[in-house]
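Data file: run-v1.tsv. Format and content: TSV, C-alpha atoms.
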chain	number	residue	atom	x	y	z
A	10	MET	CA	73.81	127.21	152.16
A	11	ARG	CA	76.73	125.84	154.15
A	12	ALA	CA	74.53	125.59	157.25
A	13	MET	CA	71.87	123.72	155.29
A	14	ASP	CA	74.49	121.37	153.83
A	15	GLY	CA	75.82	120.75	157.33
A	16	ASP	CA	72.33	119.95	158.60
A	17	ARG	CA	71.81	117.49	155.76
A	18	ASP	CA	75.16	115.82	156.47
A	19	ALA	CA	74.30	115.53	160.17
A	20	ALA	CA	70.87	114.07	159.39
A	21	THR	CA	72.43	111.57	156.97
A	22	GLY	CA	75.00	110.58	159.59
A	23	ASP	CA	72.33	110.09	162.25
A	24	LYS	CA	70.27	107.93	159.88
A	25	LYS	CA	73.31	105.83	159.04
A	26	ALA	CA	74.19	105.36	162.72
A	27	ARG	CA	70.63	104.30	163.56
A	28	ARG	CA	70.56	101.87	160.64
A	29	GLN	CA	73.85	100.29	161.63
A	30	ALA	CA	72.72	99.99	165.25
A	31	GLN	CA	69.56	98.19	164.10
A	32	LEU	CA	71.65	95.97	161.85
A	33	LEU	CA	73.79	94.96	164.84
A	34	ARG	CA	70.70	94.18	166.92
A	35	HIS	CA	69.44	91.97	164.11
A	36	LEU	CA	72.79	90.15	164.00
A	37	GLU	CA	72.86	89.65	167.78
A	38	LYS	CA	69.50	87.90	167.49
A	39	ASN	CA	69.90	86.04	164.18
A	40	HIS	CA	73.70	85.74	163.87
A	41	TYR	CA	73.70	86.22	160.08
A	42	ILE	CA	72.24	88.69	157.61
A	43	SER	CA	72.50	88.72	153.83
A	44	ILE	CA	72.92	91.75	151.58
A	45	GLU	CA	69.41	91.11	150.24
A	46	GLU	CA	67.97	91.12	153.77
A	47	ILE	CA	69.66	94.46	154.54
A	48	THR	CA	68.25	96.07	151.41
A	49	GLY	CA	64.78	94.75	152.21
A	50	LEU	CA	64.80	95.62	155.91
A	51	PHE	CA	66.23	99.12	155.57
A	52	GLY	CA	65.21	100.13	152.07
A	53	VAL	CA	68.77	100.82	150.89
A	54	THR	CA	70.78	99.87	147.84
A	55	THR	CA	73.14	96.90	147.76
A	56	GLN	CA	76.05	99.36	147.64
A	57	THR	CA	74.87	101.04	150.84
A	58	ALA	CA	74.36	97.64	152.47
A	59	ARG	CA	77.93	96.65	151.63
A	60	ARG	CA	79.29	99.97	152.90
A	61	ASP	CA	77.46	99.47	156.22
A	62	ILE	CA	78.97	96.00	156.59
A	63	MET	CA	82.45	97.26	155.74
A	64	ALA	CA	82.15	100.12	158.24
A	65	LEU	CA	81.02	97.77	161.01
A	66	GLU	CA	83.79	95.33	160.13
A	67	GLN	CA	86.38	98.09	160.47
A	68	GLU	CA	85.02	98.72	163.96
A	69	GLY	CA	85.46	95.03	164.77
A	70	LYS	CA	81.73	94.45	165.24
A	71	VAL	CA	80.91	92.15	162.32
A	72	ARG	CA	82.67	89.68	160.10
A	73	ARG	CA	82.00	89.75	156.38
A	74	LEU	CA	80.95	86.52	154.70
A	75	HIS	CA	80.13	85.80	151.08
A	76	GLY	CA	76.86	87.57	150.42
A	77	GLY	CA	76.39	88.95	153.91
A	78	ALA	CA	77.82	89.27	157.41
A	79	THR	CA	77.86	87.61	160.81
A	80	ILE	CA	78.42	88.97	164.30
A	81	ALA	CA	82.12	89.16	165.17
A	82	THR	CA	81.93	89.48	168.96
A	83	PRO	CA	80.88	86.88	171.52
A	84	VAL	CA	77.37	87.01	172.94
A	85	ASP	CA	77.03	89.93	175.31
A	86	PRO	CA	76.37	88.85	178.92
A	87	ASN	CA	73.30	91.07	179.00
A	88	ILE	CA	71.92	89.31	175.94
A	89	TYR	CA	72.55	85.92	177.54
A	90	ARG	CA	70.82	87.01	180.74
A	91	GLN	CA	67.85	88.08	178.63
A	92	ARG	CA	67.80	84.64	177.00
A	93	ARG	CA	67.40	83.12	180.46
A	94	ILE	CA	64.16	85.10	180.75
A	95	ASP	CA	62.89	84.80	177.17
A	96	ASN	CA	60.75	81.70	176.59
A	97	ALA	CA	61.62	80.42	180.07
A	98	ALA	CA	58.35	78.53	180.50
A	99	LEU	CA	58.67	76.95	177.05
A	100	LYS	CA	62.22	75.84	177.78
A	101	GLU	CA	61.10	74.22	181.03
A	102	ARG	CA	58.52	72.18	179.12
A	103	ILE	CA	61.13	71.27	176.50
A	104	GLY	CA	63.42	70.20	179.34
A	105	GLN	CA	60.79	67.97	180.90
A	106	LEU	CA	59.86	66.39	177.57
A	107	THR	CA	63.52	65.74	176.73
A	108	ALA	CA	64.05	64.12	180.12
A	109	ASP	CA	61.17	61.75	179.33
A	110	LEU	CA	63.27	60.38	176.46
A	111	VAL	CA	66.18	59.48	178.78
A	112	THR	CA	66.01	56.23	180.73
A	113	ASP	CA	67.25	55.59	184.25
A	114	GLY	CA	70.87	54.45	184.35
A	115	ALA	CA	71.78	56.02	181.00
A	116	ALA	CA	75.15	57.49	180.11
A	117	VAL	CA	74.39	61.04	178.96
A	118	PHE	CA	76.23	63.95	177.39
A	119	LEU	CA	74.52	67.25	178.11
A	120	ASP	CA	75.36	70.43	176.21
A	121	THR	CA	75.54	73.96	177.63
A	122	GLY	CA	73.01	76.79	177.27
A	123	THR	CA	69.69	77.83	178.79
A	124	THR	CA	67.68	75.05	177.13
A	125	CYS	CA	70.07	72.35	178.33
A	126	GLU	CA	69.96	73.87	181.82
A	127	ALA	CA	66.20	73.25	181.67
A	128	VAL	CA	66.88	69.68	180.50
A	129	ALA	CA	69.15	69.20	183.53
A	130	ARG	CA	66.30	70.24	185.84
A	131	GLY	CA	64.04	67.76	184.05
A	132	LEU	CA	66.58	64.96	184.47
A	133	LEU	CA	66.39	65.21	188.26
A	134	LYS	CA	63.39	62.87	188.07
A	135	ARG	CA	65.66	60.13	186.63
A	136	ARG	CA	67.90	57.82	188.67
A	137	ASP	CA	71.47	56.53	188.36
A	138	LEU	CA	72.48	58.70	185.42
A	139	ARG	CA	76.13	59.06	184.41
A	140	VAL	CA	76.53	62.51	182.89
A	141	VAL	CA	79.35	64.33	181.13
A	142	THR	CA	78.91	68.07	180.57
A	143	TYR	CA	81.09	71.12	180.06
A	144	SER	CA	78.52	73.41	181.70
A	145	LEU	CA	79.10	74.21	185.37
A	146	ARG	CA	75.47	75.32	185.69
A	147	VAL	CA	74.27	71.96	184.37
A	148	ALA	CA	76.72	70.11	186.63
A	149	THR	CA	75.59	72.09	189.69
A	150	THR	CA	71.94	71.29	188.98
A	151	LEU	CA	72.62	67.59	188.48
A	152	SER	CA	74.71	67.41	191.65
A	153	GLU	CA	71.44	67.75	193.58
A	154	SER	CA	70.79	64.07	192.84
A	155	SER	CA	72.79	61.71	195.03
A	156	SER	CA	72.34	58.87	192.50
A	157	PHE	CA	74.08	60.69	189.61
A	158	ALA	CA	77.73	60.55	188.60
A	159	VAL	CA	78.69	63.84	186.95
A	160	ALA	CA	81.96	64.52	185.10
A	161	VAL	CA	83.23	67.88	183.82
A	162	PRO	CA	86.46	68.74	181.99
A	163	GLY	CA	89.00	71.08	183.51
A	164	GLY	CA	89.71	74.46	181.97
A	165	PHE	CA	88.71	78.09	181.94
A	166	VAL	CA	85.14	79.05	182.83
A	167	ARG	CA	83.37	81.26	180.31
A	168	GLN	CA	81.62	83.88	182.40
A	169	VAL	CA	78.65	84.38	180.12
A	170	ASP	CA	77.25	80.83	180.53
A	171	ALA	CA	79.66	78.99	182.87
A	172	GLY	CA	80.88	76.76	180.07
A	173	VAL	CA	84.29	75.15	180.75
A	174	PHE	CA	86.74	75.16	177.85
A	175	ARG	CA	90.33	74.30	177.14
A	176	GLU	CA	92.13	73.01	174.07
A	177	GLU	CA	91.72	69.40	175.21
A	178	THR	CA	87.97	69.55	176.00
A	179	ALA	CA	86.98	67.60	172.89
A	180	ASP	CA	89.66	64.97	173.64
A	181	TYR	CA	88.27	64.61	177.17
A	182	ILE	CA	84.76	63.99	175.83
A	183	ARG	CA	86.04	61.38	173.36
A	184	LYS	CA	87.09	59.20	176.31
A	185	PHE	CA	83.43	58.44	177.06
A	186	LYS	CA	80.64	56.48	175.39
A	187	PHE	CA	77.08	57.77	175.66
A	188	ASP	CA	73.67	56.19	175.36
A	189	VAL	CA	72.36	59.61	174.46
A	190	ALA	CA	73.76	63.07	173.72
A	191	VAL	CA	71.41	65.98	174.37
A	192	ILE	CA	72.46	69.05	172.42
A	193	SER	CA	71.14	72.53	171.67
A	194	VAL	CA	72.24	74.90	168.91
A	195	SER	CA	72.11	78.54	167.84
A	196	GLY	CA	70.46	77.87	164.51
A	197	ILE	CA	68.89	75.38	162.11
A	198	ASP	CA	68.91	76.75	158.58
A	199	GLN	CA	66.70	75.93	155.62
A	200	ASP	CA	69.31	73.53	154.21
A	201	GLY	CA	68.99	71.36	157.32
A	202	ASP	CA	72.37	72.36	158.74
A	203	ILE	CA	72.60	72.88	162.49
A	204	GLY	CA	75.29	75.04	164.00
A	205	ASP	CA	76.61	77.31	166.67
A	206	ASP	CA	78.58	80.53	166.85
A	207	ASP	CA	81.57	79.25	168.81
A	208	HIS	CA	84.22	76.93	167.38
A	209	ALA	CA	85.07	75.53	170.82
A	210	GLU	CA	81.47	74.50	171.46
A	211	VAL	CA	81.15	72.90	168.04
A	212	ALA	CA	84.32	70.86	168.61
A	213	ALA	CA	83.07	69.62	171.99
A	214	VAL	CA	79.57	68.76	170.80
A	215	SER	CA	80.84	67.10	167.62
A	216	ALA	CA	82.99	64.81	169.74
A	217	ALA	CA	80.01	63.89	171.93
A	218	MET	CA	77.76	63.19	168.95
A	219	ARG	CA	80.27	60.77	167.49
A	220	GLN	CA	80.43	58.91	170.83
A	221	ALA	CA	76.64	58.69	171.29
A	222	GLU	CA	74.27	55.92	170.29
A	223	ARG	CA	71.42	58.45	170.03
A	224	VAL	CA	71.37	62.25	169.61
A	225	ILE	CA	68.51	64.45	170.85
A	226	LEU	CA	68.33	68.05	169.65
A	227	ALA	CA	66.42	70.25	172.13
A	228	VAL	CA	65.64	73.75	170.85
A	229	ASP	CA	62.88	76.31	171.08
A	230	SER	CA	61.26	77.31	167.80
A	231	SER	CA	63.09	80.65	167.59
A	232	LYS	CA	66.14	78.69	166.33
A	233	PHE	CA	64.42	77.47	163.15
A	234	GLY	CA	65.48	79.32	160.01
A	235	ARG	CA	68.57	80.83	161.65
A	236	ARG	CA	72.03	80.39	160.18
A	237	ALA	CA	74.81	79.93	162.72
A	238	LEU	CA	78.43	80.86	162.12
A	239	VAL	CA	79.95	77.38	162.53
A	240	ARG	CA	78.36	74.27	161.06
A	241	LEU	CA	78.00	71.46	163.59
A	242	ALA	CA	76.10	68.77	161.69
A	243	SER	CA	72.93	68.26	159.70
A	244	LEU	CA	69.46	67.05	160.65
A	245	ALA	CA	70.52	63.68	159.25
A	246	ASP	CA	72.88	63.35	162.22
A	247	ILE	CA	70.22	63.54	164.93
A	248	ASP	CA	67.66	60.97	166.06
A	249	ALA	CA	65.07	63.10	167.83
A	250	LEU	CA	63.97	66.74	167.91
A	251	VAL	CA	62.28	68.23	170.97
A	252	THR	CA	60.76	71.68	170.49
A	253	ASP	CA	57.74	73.81	171.35
A	254	ARG	CA	56.40	74.27	167.82
A	255	LEU	CA	56.85	72.59	164.46
A	256	PRO	CA	59.24	74.31	162.04
A	257	ASP	CA	58.19	75.22	158.50
A	258	GLU	CA	57.34	72.56	155.92
A	259	ASN	CA	60.84	72.49	154.39
A	260	ILE	CA	62.54	71.60	157.68
A	261	VAL	CA	59.77	69.15	158.63
A	262	ALA	CA	60.25	67.40	155.26
A	263	LEU	CA	63.98	67.08	155.95
A	264	LEU	CA	63.31	65.67	159.41
A	265	ARG	CA	60.95	63.06	158.00
A	266	GLU	CA	63.32	62.23	155.16
A	267	HIS	CA	66.04	61.40	157.68
A	268	GLY	CA	63.74	59.50	160.04
A	269	VAL	CA	64.05	61.98	162.91
A	270	SER	CA	61.31	61.62	165.52
A	271	ILE	CA	59.62	64.92	166.42
A	272	HIS	CA	58.44	65.62	169.97
A	273	CYS	CA	56.50	68.84	170.12
Rewrite the structure from the file as structure tokens, please.
Amino acid sequence: MRAMDGDRDAATGDKKARRQAQLLRHLEKNHYISIEEITGLFGVTTQTARRDIMALEQEGKVRRLHGGATIATPVDPNIYRQRRIDNAALKERIGQLTADLVTDGAAVFLDTGTTCEAVARGLLKRRDLRVVTYSLRVATTLSESSSFAVAVPGGFVRQVDAGVFREETADYIRKFKFDVAVISVSGIDQDGDIGDDDHAEVAAVSAAMRQAERVILAVDSSKFGRRALVRLASLADIDALVTDRLPDENIVALLREHGVSIHC
């Protein structure tokens, strides 16, 4: 009997470990999961769902939020490298279409991330741009044009995406005025909130949005319906959306309500 009990305990432990590993993979992709989603995805009770979250929080892997959990660790470099491969062709088309909305001679803020790196490649067809970015990859791409002026803040380079951050990054960005700010985000939820998973990025992008005459949000459709950790703004705060596919009717209705032009 003891052997059988031990086998059952081992099987239960293996099942729990597999479930928690799958839960983490879900969080790495979607950034947030509710208790209800856990019970539906894994067929467990709400009590089990809460115990899983608490166990993962004790290991420092997730952060509990009201009604659910979010990922507690930064994006893994391997995940970011995979993002550079995923939807690469779509992002290139988004980049080209976004660049079509920027005129020669414009003052531009350009966000970091794989989509904005594609926008930077698209902008090489423009002339006489003045660009501020905190992405070294974006800056390196734009430096290929001899007619561009490119400014970057000083600070520490984040290895995962070559973003440059320091405490004064947002203050640096506030010194400029932009004709257009091109941003990308981790998620756009059903309430119309747009956000990211890094407080430093949100502070920098918020500063740029306030200094811009027009804001373009460039995202691939995988970002629709996702809830990010840190709220950046709402759809009411952008002027144009560039994406590969229309979001669901609720988000489209919000875009139309706020007069956001959609480029798909």
Residue contacts of A:Glu222 (8 Å, only C-alpha atoms) excluding same-chain residues fewer than 2 positions away, as a PyMOL selection string = chain A and resi 187-190+220+224
Which value, in Å to one decimal, gives the distance between atom CA of A:Ile182 and atom CA of A:Glu101?
->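 Separating atom CA of A:Ile182 from atom CA of A:Glu101 is a distance of 26.3 Å.
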Could you write out as lines of an AutoDock Vina configuration file the box around stretch 200-204 of chain A (axis-aligned, all atoms listed in the file, 3 Å on each side), with centre and edge lengths in Å to one decimal?
center_x = 72.1
center_y = 73.2
center_z = 159.1
size_x = 12.3
size_y = 9.7
size_z = 15.8
When you look at A:Arg102 with a cut-off of 12 Å (counting only C-alpha atoms), what residues show up, excluding the ones that are within fewer than 2 positions of it in the same chain? I need them as a PyMOL selection string. chain A and resi 96-100+104-109+124-131+227-229+251-254+272-273
#### Entry: Using only C-alpha atoms: which of A:Lys24, A:Lys232, A:Lys184, A:Arg146 has the shortest distance to A:Val169
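Closest to A:Val169 of all the choices is A:Arg146.
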From atom CA of A:Leu50 to atom CA of A:Leu32 the spacing works out at 9.1 Å
